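For reference, the structure is listed below as structure tokens.
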Amino acid sequence: QSCTACTAGNECPLTTEDSTAACAPGEYSDAGWASCLNCPAGSSCTDKTADGVAACGDGYYSLLGEGSCTQCQAGEACTDKNTSPATCAAGTWSVVGSQSCTACTAGSKCPLTTEDSTAACASGYYSGTGWADCLPCPSGMSCTDKTADGIAACGTGYHSLLGVATCSQCDAGKYCPDSNSTGTVCPDGYWSNAGATECTACVAGNYCPTKTSDS
């Protein structure tokens with residue numbers, strides 16, 4: 001009389017009697033195995049047989065001995081089917097079943113990691129790739145394209161204040177030695193054209209009442 005092989009999906013620890021027992025959830029076996037093994041990470045073992053072991057699909061994962069695949073949740077990335085998902089960092093986002101987090105585009109803000117909440121920066125604000133929020137444009141700079149790479153210093157005789165997108169030319173009758181303020185009114189006896197970095201003394205015999213010309 002021949003020996004009877006243990007059936008797949010079961011374990012048979014004893015050789016002297018029928019000790020057949022079903023594999024526990026998260027385990028599997030093949031025909032003739034004495035004991036069940038843990039389901040491999042990155043796989044599902046829903047029918048508990050060796051032939052039924054299947055790799056998790058994209059956007060799913062499982063850990064050793066879990067037996068079934070779990071879909072990656074919004075705000076997570078299943079970069080490796082064999083390990084727990086990674087949490088999307090601030091400034092990135094994902095939807096259910098994603099394999100990676102998507103970085104927020106420059107010139108935009110993405111306050112949420114669990115959905116595409118991308119919104120363009122308001123005028124006078126800017127951001128770089130992967131930023132969760134926009135920042136106000138620094139004083140003395142222009143931020144016309146709203147991206148961190150597009151920030152440019154104001155030219156000579158121009159200025160901007162914090163949160164202002166574009167540079168403005170210094171007004172006639174004022175001087176703007178730096179680009180961080182709106183300028184200073186020329187003192188009595190001096191005048192300036194628009195865009196001046198210093199005032200010019202009035203011509204002898206003139207008193208320059210408007211401060212915008214020498215007469």
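Here's how to read the names in the structure tokens: chain A, B, ... by the order shown, residue numbers from 1 in each chain, ligand numbers from 1 in the order shown.
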### Task
Tell me which protein, DNA and RNA residues are within 9 Å of region 205-210 of chain A, counting only C-alpha atoms, leaving out same-chain ones fewer than 5 positions away, and put them as a ChimeraX atom specification.
/A:173,188-191,215
Could you give me, as a CSV table (one decimal) with all heavy atoms, in the first residue's frame, the residues within 12 Å of region 32-37 of chain A, counting only C-alpha atoms and dropping anything in the same chain fewer than 6 positions from it?
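For reference, selection-v6.csv as written:
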```
chain,number,residue,atom,x,y,z
A,3,CYS,N,1.9,5.5,0.3
A,3,CYS,CA,1.6,6.6,1.2
A,3,CYS,C,0.8,7.6,0.4
A,3,CYS,O,0.8,7.8,-0.8
A,3,CYS,CB,2.9,7.2,1.6
A,3,CYS,SG,4.0,6.2,2.6
A,4,THR,N,-0.1,8.3,1.2
A,4,THR,CA,-1.0,9.3,0.6
A,4,THR,C,-0.3,10.7,0.8
A,4,THR,O,0.1,11.1,1.9
A,4,THR,CB,-2.3,9.3,1.3
A,4,THR,OG1,-2.9,8.0,1.2
A,4,THR,CG2,-3.3,10.4,0.7
A,5,ALA,N,-0.2,11.4,-0.3
A,5,ALA,CA,0.3,12.8,-0.3
A,5,ALA,C,-0.6,13.8,0.3
A,5,ALA,O,-1.9,13.7,0.0
A,5,ALA,CB,0.8,13.2,-1.7
A,6,CYS,N,-0.1,14.6,1.1
A,6,CYS,CA,-0.9,15.7,1.7
A,6,CYS,C,-1.4,16.6,0.5
A,6,CYS,O,-0.6,16.9,-0.4
A,6,CYS,CB,-0.1,16.5,2.7
A,6,CYS,SG,-1.1,17.6,3.7
A,7,THR,N,-2.6,17.1,0.5
A,7,THR,CA,-3.1,17.9,-0.6
A,7,THR,C,-2.7,19.3,-0.5
A,7,THR,O,-2.5,19.8,0.6
A,7,THR,CB,-4.7,17.8,-0.6
A,7,THR,OG1,-5.2,18.2,0.7
A,7,THR,CG2,-5.1,16.4,-1.0
A,8,ALA,N,-2.6,20.0,-1.6
A,8,ALA,CA,-2.2,21.4,-1.6
A,8,ALA,C,-3.2,22.2,-0.9
A,8,ALA,O,-4.4,22.0,-0.9
A,8,ALA,CB,-2.1,21.9,-3.1
A,9,GLY,N,-2.6,23.2,-0.1
A,9,GLY,CA,-3.5,24.1,0.7
A,9,GLY,C,-3.6,23.5,2.1
A,9,GLY,O,-4.4,24.1,2.9
A,10,ASN,N,-3.0,22.4,2.4
A,10,ASN,CA,-3.0,21.8,3.7
A,10,ASN,C,-1.6,21.4,4.2
A,10,ASN,O,-0.7,21.5,3.4
A,10,ASN,CB,-3.9,20.5,3.6
A,10,ASN,CG,-5.3,20.8,3.3
A,10,ASN,OD1,-6.1,21.3,4.0
A,10,ASN,ND2,-5.7,20.5,2.0
A,11,GLU,N,-1.6,21.1,5.5
A,11,GLU,CA,-0.3,20.6,6.0
A,11,GLU,C,-0.6,19.2,6.7
A,11,GLU,O,-1.8,19.0,7.2
A,11,GLU,CB,0.3,21.6,7.0
A,11,GLU,CG,-0.6,21.9,8.2
A,11,GLU,CD,0.1,22.9,9.1
A,11,GLU,OE1,1.2,23.4,8.8
A,11,GLU,OE2,-0.5,23.3,10.2
A,12,CYS,N,0.4,18.3,6.7
A,12,CYS,CA,0.2,17.0,7.3
A,12,CYS,C,1.4,16.7,8.1
A,12,CYS,O,2.4,16.1,7.7
A,12,CYS,CB,0.1,15.9,6.2
A,12,CYS,SG,-1.4,16.2,5.1
A,13,PRO,N,1.4,17.2,9.4
A,13,PRO,CA,2.6,17.1,10.2
A,13,PRO,C,3.0,15.6,10.6
A,13,PRO,O,4.1,15.4,10.9
A,13,PRO,CB,2.3,17.9,11.4
A,13,PRO,CG,0.8,18.0,11.5
A,13,PRO,CD,0.3,17.9,10.0
A,14,LEU,N,2.0,14.7,10.6
A,14,LEU,CA,2.3,13.4,11.0
A,14,LEU,C,2.3,12.4,9.8
A,14,LEU,O,1.5,12.6,8.9
A,14,LEU,CB,1.2,12.9,12.0
A,14,LEU,CG,1.1,13.8,13.3
A,14,LEU,CD1,0.0,13.2,14.2
A,14,LEU,CD2,2.4,13.8,14.1
A,15,THR,N,3.2,11.4,9.9
A,15,THR,CA,3.2,10.4,8.8
A,15,THR,C,2.5,9.2,9.2
A,15,THR,O,2.3,8.3,8.4
A,15,THR,CB,4.7,10.1,8.5
A,15,THR,OG1,5.3,9.5,9.7
A,15,THR,CG2,5.5,11.3,8.1
A,18,ASP,N,-3.8,10.4,9.3
A,18,ASP,CA,-4.2,11.5,8.5
A,18,ASP,C,-4.4,12.7,9.4
A,18,ASP,O,-5.4,12.9,10.1
A,18,ASP,CB,-5.6,11.2,7.9
A,18,ASP,CG,-6.1,12.3,7.0
A,18,ASP,OD1,-5.3,13.3,6.8
A,18,ASP,OD2,-7.2,12.2,6.4
A,19,SER,N,-3.3,13.6,9.4
A,19,SER,CA,-3.3,14.8,10.3
A,19,SER,C,-3.5,16.0,9.4
A,19,SER,O,-3.2,17.1,9.8
A,19,SER,CB,-2.0,14.9,11.0
A,19,SER,OG,-0.9,14.9,10.0
A,20,THR,N,-4.2,15.8,8.3
A,20,THR,CA,-4.4,16.9,7.3
A,20,THR,C,-5.1,18.1,8.0
A,20,THR,O,-6.2,17.9,8.6
A,20,THR,CB,-5.2,16.5,6.1
A,20,THR,OG1,-4.6,15.4,5.5
A,20,THR,CG2,-5.5,17.6,5.1
A,21,ALA,N,-4.6,19.3,7.9
A,21,ALA,CA,-5.2,20.5,8.4
A,21,ALA,C,-5.0,21.6,7.4
A,21,ALA,O,-3.9,21.8,6.8
A,21,ALA,CB,-4.6,20.9,9.8
A,22,ALA,N,-6.0,22.4,7.2
A,22,ALA,CA,-5.9,23.5,6.3
A,22,ALA,C,-4.9,24.5,6.7
A,22,ALA,O,-4.7,24.8,7.9
A,22,ALA,CB,-7.3,24.2,6.1
A,23,CYS,N,-4.2,25.1,5.7
A,23,CYS,CA,-3.3,26.2,6.0
A,23,CYS,C,-4.0,27.4,6.6
A,23,CYS,O,-5.2,27.6,6.2
A,23,CYS,CB,-2.5,26.6,4.8
A,23,CYS,SG,-1.4,25.4,4.1
A,24,ALA,N,-3.4,28.0,7.5
A,24,ALA,CA,-4.0,29.2,8.1
A,24,ALA,C,-4.1,30.4,7.1
A,24,ALA,O,-3.3,30.4,6.1
A,24,ALA,CB,-3.2,29.6,9.4
A,25,PRO,N,-4.9,31.4,7.3
A,25,PRO,CA,-4.9,32.5,6.4
A,25,PRO,C,-3.5,33.1,6.4
A,25,PRO,O,-2.8,33.3,7.4
A,25,PRO,CB,-5.9,33.5,7.1
A,25,PRO,CG,-6.8,32.6,7.9
A,25,PRO,CD,-6.0,31.5,8.4
A,26,GLY,N,-3.0,33.5,5.2
A,26,GLY,CA,-1.7,34.0,5.0
A,26,GLY,C,-0.6,33.0,4.8
A,26,GLY,O,0.6,33.3,4.8
A,45,CYS,N,-2.2,34.8,-1.6
A,45,CYS,CA,-2.3,33.4,-1.5
A,45,CYS,C,-3.8,33.1,-1.1
A,45,CYS,O,-4.0,32.4,-0.1
A,45,CYS,CB,-1.3,32.8,-0.5
A,45,CYS,SG,0.4,33.2,-0.8
A,48,LYS,N,-4.6,29.4,-1.0
A,48,LYS,CA,-3.6,28.7,0.0
A,48,LYS,C,-2.8,27.6,-0.7
A,48,LYS,O,-2.1,26.9,0.0
A,48,LYS,CB,-4.4,28.1,1.2
A,48,LYS,CG,-5.2,29.1,2.0
A,48,LYS,CD,-5.9,28.5,3.2
A,48,LYS,CE,-6.6,29.5,4.0
A,48,LYS,NZ,-7.3,28.9,5.2
A,49,THR,N,-2.9,27.5,-2.0
A,49,THR,CA,-2.1,26.5,-2.7
A,49,THR,C,-0.8,27.2,-3.4
A,49,THR,O,-0.9,28.4,-3.7
A,49,THR,CB,-2.9,25.8,-3.8
A,49,THR,OG1,-3.1,26.7,-4.9
A,49,THR,CG2,-4.2,25.3,-3.3
A,50,ALA,N,0.2,26.4,-3.6
A,50,ALA,CA,1.4,26.9,-4.2
A,50,ALA,C,1.1,27.5,-5.6
A,50,ALA,O,1.7,28.5,-6.1
A,50,ALA,CB,2.5,25.9,-4.3
A,53,VAL,N,-0.4,31.1,-5.8
A,53,VAL,CA,0.4,32.3,-5.3
A,53,VAL,C,0.5,33.2,-6.5
A,53,VAL,O,0.9,32.8,-7.6
A,53,VAL,CB,1.8,31.9,-4.8
A,53,VAL,CG1,2.6,33.2,-4.5
A,53,VAL,CG2,1.7,31.0,-3.6
A,64,LEU,N,5.0,39.9,4.3
A,64,LEU,CA,5.1,38.5,4.5
A,64,LEU,C,4.0,37.9,5.4
A,64,LEU,O,3.8,38.4,6.5
A,64,LEU,CB,6.5,38.2,5.2
A,64,LEU,CG,6.8,36.7,5.5
A,64,LEU,CD1,7.0,35.9,4.2
A,64,LEU,CD2,8.1,36.6,6.3
A,65,GLY,N,3.3,36.9,4.9
A,65,GLY,CA,2.3,36.2,5.7
A,65,GLY,C,1.0,36.9,5.7
A,65,GLY,O,0.1,36.4,6.4
A,66,GLU,N,0.8,37.9,5.0
A,66,GLU,CA,-0.5,38.6,4.9
A,66,GLU,C,-1.5,37.9,4.1
A,66,GLU,O,-2.7,37.8,4.4
A,66,GLU,CB,-0.4,40.0,4.5
A,66,GLU,CG,0.2,41.0,5.5
A,66,GLU,CD,0.2,42.4,5.1
A,66,GLU,OE1,0.0,42.8,3.9
A,66,GLU,OE2,0.3,43.3,6.1
A,67,GLY,N,-1.1,37.3,3.0
A,67,GLY,CA,-2.0,36.4,2.2
A,67,GLY,C,-2.8,37.1,1.1
A,67,GLY,O,-3.3,36.5,0.2
```
Excluding same-chain residues fewer than 4 positions from region 162-166 of chain A, what lies within 8 Å of it counting only C-alpha atoms, as a compact mmCIF listing (two decimals) with all heavy atoms, in the first residue's frame?
```txt
# COMPACT_ATOMS: atom_id res chain seq x y z
N SER A 123 -0.93 86.31 -7.74
CA SER A 123 0.00 87.34 -8.19
C SER A 123 0.83 87.83 -7.00
O SER A 123 0.30 88.08 -5.91
CB SER A 123 -0.77 88.51 -8.81
OG SER A 123 0.11 89.53 -9.20
N GLY A 124 2.14 87.94 -7.22
CA GLY A 124 3.02 88.38 -6.14
C GLY A 124 3.54 87.24 -5.29
O GLY A 124 4.23 87.48 -4.30
N TYR A 125 3.23 86.01 -5.69
CA TYR A 125 3.70 84.81 -4.97
C TYR A 125 4.41 83.90 -5.96
O TYR A 125 4.22 83.99 -7.17
CB TYR A 125 2.55 84.09 -4.29
CG TYR A 125 2.03 84.79 -3.06
CD1 TYR A 125 1.25 85.94 -3.16
CD2 TYR A 125 2.33 84.29 -1.79
CE1 TYR A 125 0.80 86.60 -2.02
CE2 TYR A 125 1.87 84.94 -0.65
CZ TYR A 125 1.11 86.09 -0.77
OH TYR A 125 0.67 86.74 0.36
N PRO A 136 5.54 84.73 -0.68
CA PRO A 136 5.47 86.07 -1.28
C PRO A 136 6.78 86.42 -1.97
O PRO A 136 7.86 86.06 -1.51
CB PRO A 136 5.21 86.99 -0.08
CG PRO A 136 5.67 86.22 1.11
CD PRO A 136 5.46 84.78 0.80
N CYS A 137 6.66 87.11 -3.08
CA CYS A 137 7.84 87.53 -3.83
C CYS A 137 8.70 88.44 -2.94
O CYS A 137 8.18 89.35 -2.30
CB CYS A 137 7.40 88.27 -5.09
SG CYS A 137 8.74 88.59 -6.26
N PRO A 138 10.01 88.19 -2.85
CA PRO A 138 10.86 89.02 -1.99
C PRO A 138 10.91 90.47 -2.48
O PRO A 138 10.77 90.74 -3.68
CB PRO A 138 12.24 88.35 -2.10
CG PRO A 138 11.98 86.99 -2.64
CD PRO A 138 10.76 87.11 -3.51
N SER A 139 11.13 91.39 -1.57
CA SER A 139 11.30 92.78 -1.97
C SER A 139 12.55 92.91 -2.82
O SER A 139 13.52 92.19 -2.66
CB SER A 139 11.40 93.68 -0.73
OG SER A 139 12.50 93.31 0.07
N GLY A 140 12.50 93.83 -3.77
CA GLY A 140 13.63 94.03 -4.67
C GLY A 140 13.70 93.03 -5.80
O GLY A 140 14.68 92.99 -6.54
N MET A 141 12.66 92.22 -5.96
CA MET A 141 12.64 91.17 -6.99
C MET A 141 11.34 91.22 -7.76
O MET A 141 10.33 91.76 -7.31
CB MET A 141 12.78 89.78 -6.35
CG MET A 141 13.97 89.65 -5.44
SD MET A 141 15.50 89.61 -6.37
CE MET A 141 16.09 88.01 -5.97
N SER A 142 11.35 90.60 -8.96
CA SER A 142 10.12 90.40 -9.72
C SER A 142 9.86 88.90 -9.81
O SER A 142 10.79 88.10 -9.86
CB SER A 142 10.23 90.99 -11.12
OG SER A 142 11.21 90.31 -11.89
N CYS A 143 8.59 88.54 -9.81
CA CYS A 143 8.18 87.13 -9.85
C CYS A 143 7.07 86.99 -10.89
O CYS A 143 5.97 86.50 -10.58
CB CYS A 143 7.70 86.66 -8.49
SG CYS A 143 8.88 86.84 -7.15
N THR A 144 7.33 87.42 -12.10
CA THR A 144 6.26 87.48 -13.09
C THR A 144 5.77 86.12 -13.53
O THR A 144 4.60 85.96 -13.86
CB THR A 144 6.72 88.29 -14.32
OG1 THR A 144 7.97 87.76 -14.79
CG2 THR A 144 6.91 89.75 -13.95
```
### Query
Of the residues A:Ser168, A:Thr16, A:Thr156, A:Thr113, which is the one nearest to Glu198 (chain A), using only C-alpha atoms?
A:Thr156
### Message
Let me make sure I understand: among A:Ala204, A:Leu161, A:Ser68, A:Gly57, which one has the smallest atom-to-atom distance to Glu27 (chain A) if we use only C-alpha atoms?
### Response
A:Ser68
### Surrounding residues of Gly42 (chain A) excluding itself and chain neighbours under 4 positions, 8 Å, only C-alpha atoms, as a PyMOL selection string
chain A and resi 55-56+61-64+69+81-83
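Between CA of Asp80 (chain A) and CA of Gly59 (chain A) there is a distance of 8.9 Å.
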